[in-house]
>>> print(open('input_13.txt').read())   # compact mmCIF, C-alpha atoms
# COMPACT_ATOMS: atom_id res chain seq x y z
CA MET A 1 62.50 114.99 48.68
CA ASN A 2 60.41 118.01 49.54
CA ARG A 3 60.63 121.45 47.99
CA THR A 4 62.67 122.94 50.82
CA THR A 5 65.33 120.26 50.48
CA GLU A 6 65.42 120.71 46.71
CA ALA A 7 65.81 124.47 47.08
CA LEU A 8 68.64 124.07 49.59
CA LEU A 9 70.36 121.51 47.37
CA LEU A 10 70.10 123.81 44.35
CA ALA A 11 71.47 126.72 46.38
CA ALA A 12 74.38 124.60 47.60
CA VAL A 13 75.23 123.55 44.03
CA LEU A 14 75.15 127.14 42.79
CA ILE A 15 77.30 128.38 45.68
CA ALA A 16 79.79 125.55 45.12
CA ILE A 17 80.06 126.43 41.43
CA ALA A 18 80.64 130.08 42.30
CA LEU A 19 83.32 129.22 44.85
CA LEU A 20 85.09 126.91 42.41
CA ALA A 21 85.13 129.73 39.88
CA ILE A 22 86.54 132.19 42.41
CA VAL A 23 89.38 129.82 43.32
CA ASP A 24 90.07 129.27 39.58
CA ILE A 25 89.32 125.55 39.64
CA LEU A 26 86.55 126.10 37.11
CA PRO A 27 87.05 128.51 34.23
CA GLN A 28 84.72 131.49 34.17
CA GLN A 29 83.00 130.34 30.98
CA VAL A 30 82.16 126.95 32.50
CA ALA A 31 80.89 128.50 35.73
CA GLN A 32 78.76 130.94 33.79
CA TYR A 33 76.76 128.19 32.08
CA ALA A 34 76.96 125.44 34.73
CA PRO A 35 73.69 126.47 36.47
CA LEU A 36 71.89 125.73 33.21
CA ALA A 37 72.87 122.08 33.66
CA VAL A 38 70.64 121.96 36.76
CA VAL A 39 67.51 123.08 34.86
CA PRO A 40 66.61 119.63 33.43
CA PHE A 41 66.54 118.18 36.94
CA ILE A 42 64.14 120.90 38.06
CA ILE A 43 61.87 120.46 35.04
CA ARG A 44 61.90 116.68 35.30
CA ARG A 45 60.67 116.78 38.91
CA ARG A 46 57.41 114.88 39.31
CA ARG A 47 54.33 116.52 40.70
CA ASN A 48 53.00 114.71 43.71
CA ALA A 49 49.60 114.85 45.35
CA CYS A 50 50.66 117.49 47.86
CA ALA A 51 51.92 119.79 45.12
CA VAL A 52 48.53 119.60 43.44
CA ARG A 53 46.36 119.84 46.57
CA GLY A 54 48.61 122.22 48.51
CA CYS A 55 49.25 120.05 51.60
>>> encode(input="input_13.txt", output="structure tokens")
Amino acid sequence: MNRTTEALLLAAVLIAIALLAIVDILPQQVAQYAPLAVVPFIIRRRRNACAVRGC
């Protein structure tokens, strides 16, 4: 998965969380901290050769 796809996926998750909070499916407190649950997936991402060389 390239960086553009990861960025779009992250944006879609954040927008979905915001929409669920607006419709009152998710409580505001849960929606406020839900984006922090995505951080480990971003940190855990492996560096590939193109990320190092700048392909």
>>> residues_around(input="input_13.txt", residues="Tyr33 of chain A", least_positions_apart="6", cutoff="12 Å", atoms="all atoms listed in the file", output="list of chain:residue names")
A:Leu14, A:Ile17, A:Ala18, A:Ala21, A:Leu26, A:Pro27, A:Val39
>>> atom_distance(input="input_13.txt", atom1="atom CA of Val13 of chain A", atom2="atom CA of Arg44 of chain A")
17.4 Å
>>> atom_distance(input="input_13.txt", atom1="atom CA of Val38 of chain A", atom2="atom CA of Leu10 of chain A")
7.8 Å
>>> residues_around(input="input_13.txt", residues="Ala16 of chain A", least_positions_apart="4", cutoff="12 Å", atoms="only C-alpha atoms", output="PyMOL selection string")
chain A and resi 9-12+20-23+25-26+31+34-35
>>> write_last_selection(input="input_13.txt", atoms="C-alpha atoms", output="mmCIF file, in the coordinates of the input")
data_model
loop_
_atom_site.group_PDB
_atom_site.id
_atom_site.type_symbol
_atom_site.label_atom_id
_atom_site.label_comp_id
_atom_site.auth_asym_id
_atom_site.auth_seq_id
_atom_site.Cartn_x
_atom_site.Cartn_y
_atom_site.Cartn_z
ATOM 1 C CA LEU A 9 70.360 121.510 47.370
ATOM 2 C CA LEU A 10 70.100 123.810 44.350
ATOM 3 C CA ALA A 11 71.470 126.720 46.380
ATOM 4 C CA ALA A 12 74.380 124.600 47.600
ATOM 5 C CA LEU A 20 85.090 126.910 42.410
ATOM 6 C CA ALA A 21 85.130 129.730 39.880
ATOM 7 C CA ILE A 22 86.540 132.190 42.410
ATOM 8 C CA VAL A 23 89.380 129.820 43.320
ATOM 9 C CA ILE A 25 89.320 125.550 39.640
ATOM 10 C CA LEU A 26 86.550 126.100 37.110
ATOM 11 C CA ALA A 31 80.890 128.500 35.730
ATOM 12 C CA ALA A 34 76.960 125.440 34.730
ATOM 13 C CA PRO A 35 73.690 126.470 36.470
#
>>> atom_distance(input="input_13.txt", atom1="atom CA of Arg3 of chain A", atom2="atom CA of Ile42 of chain A")
10.5 Å
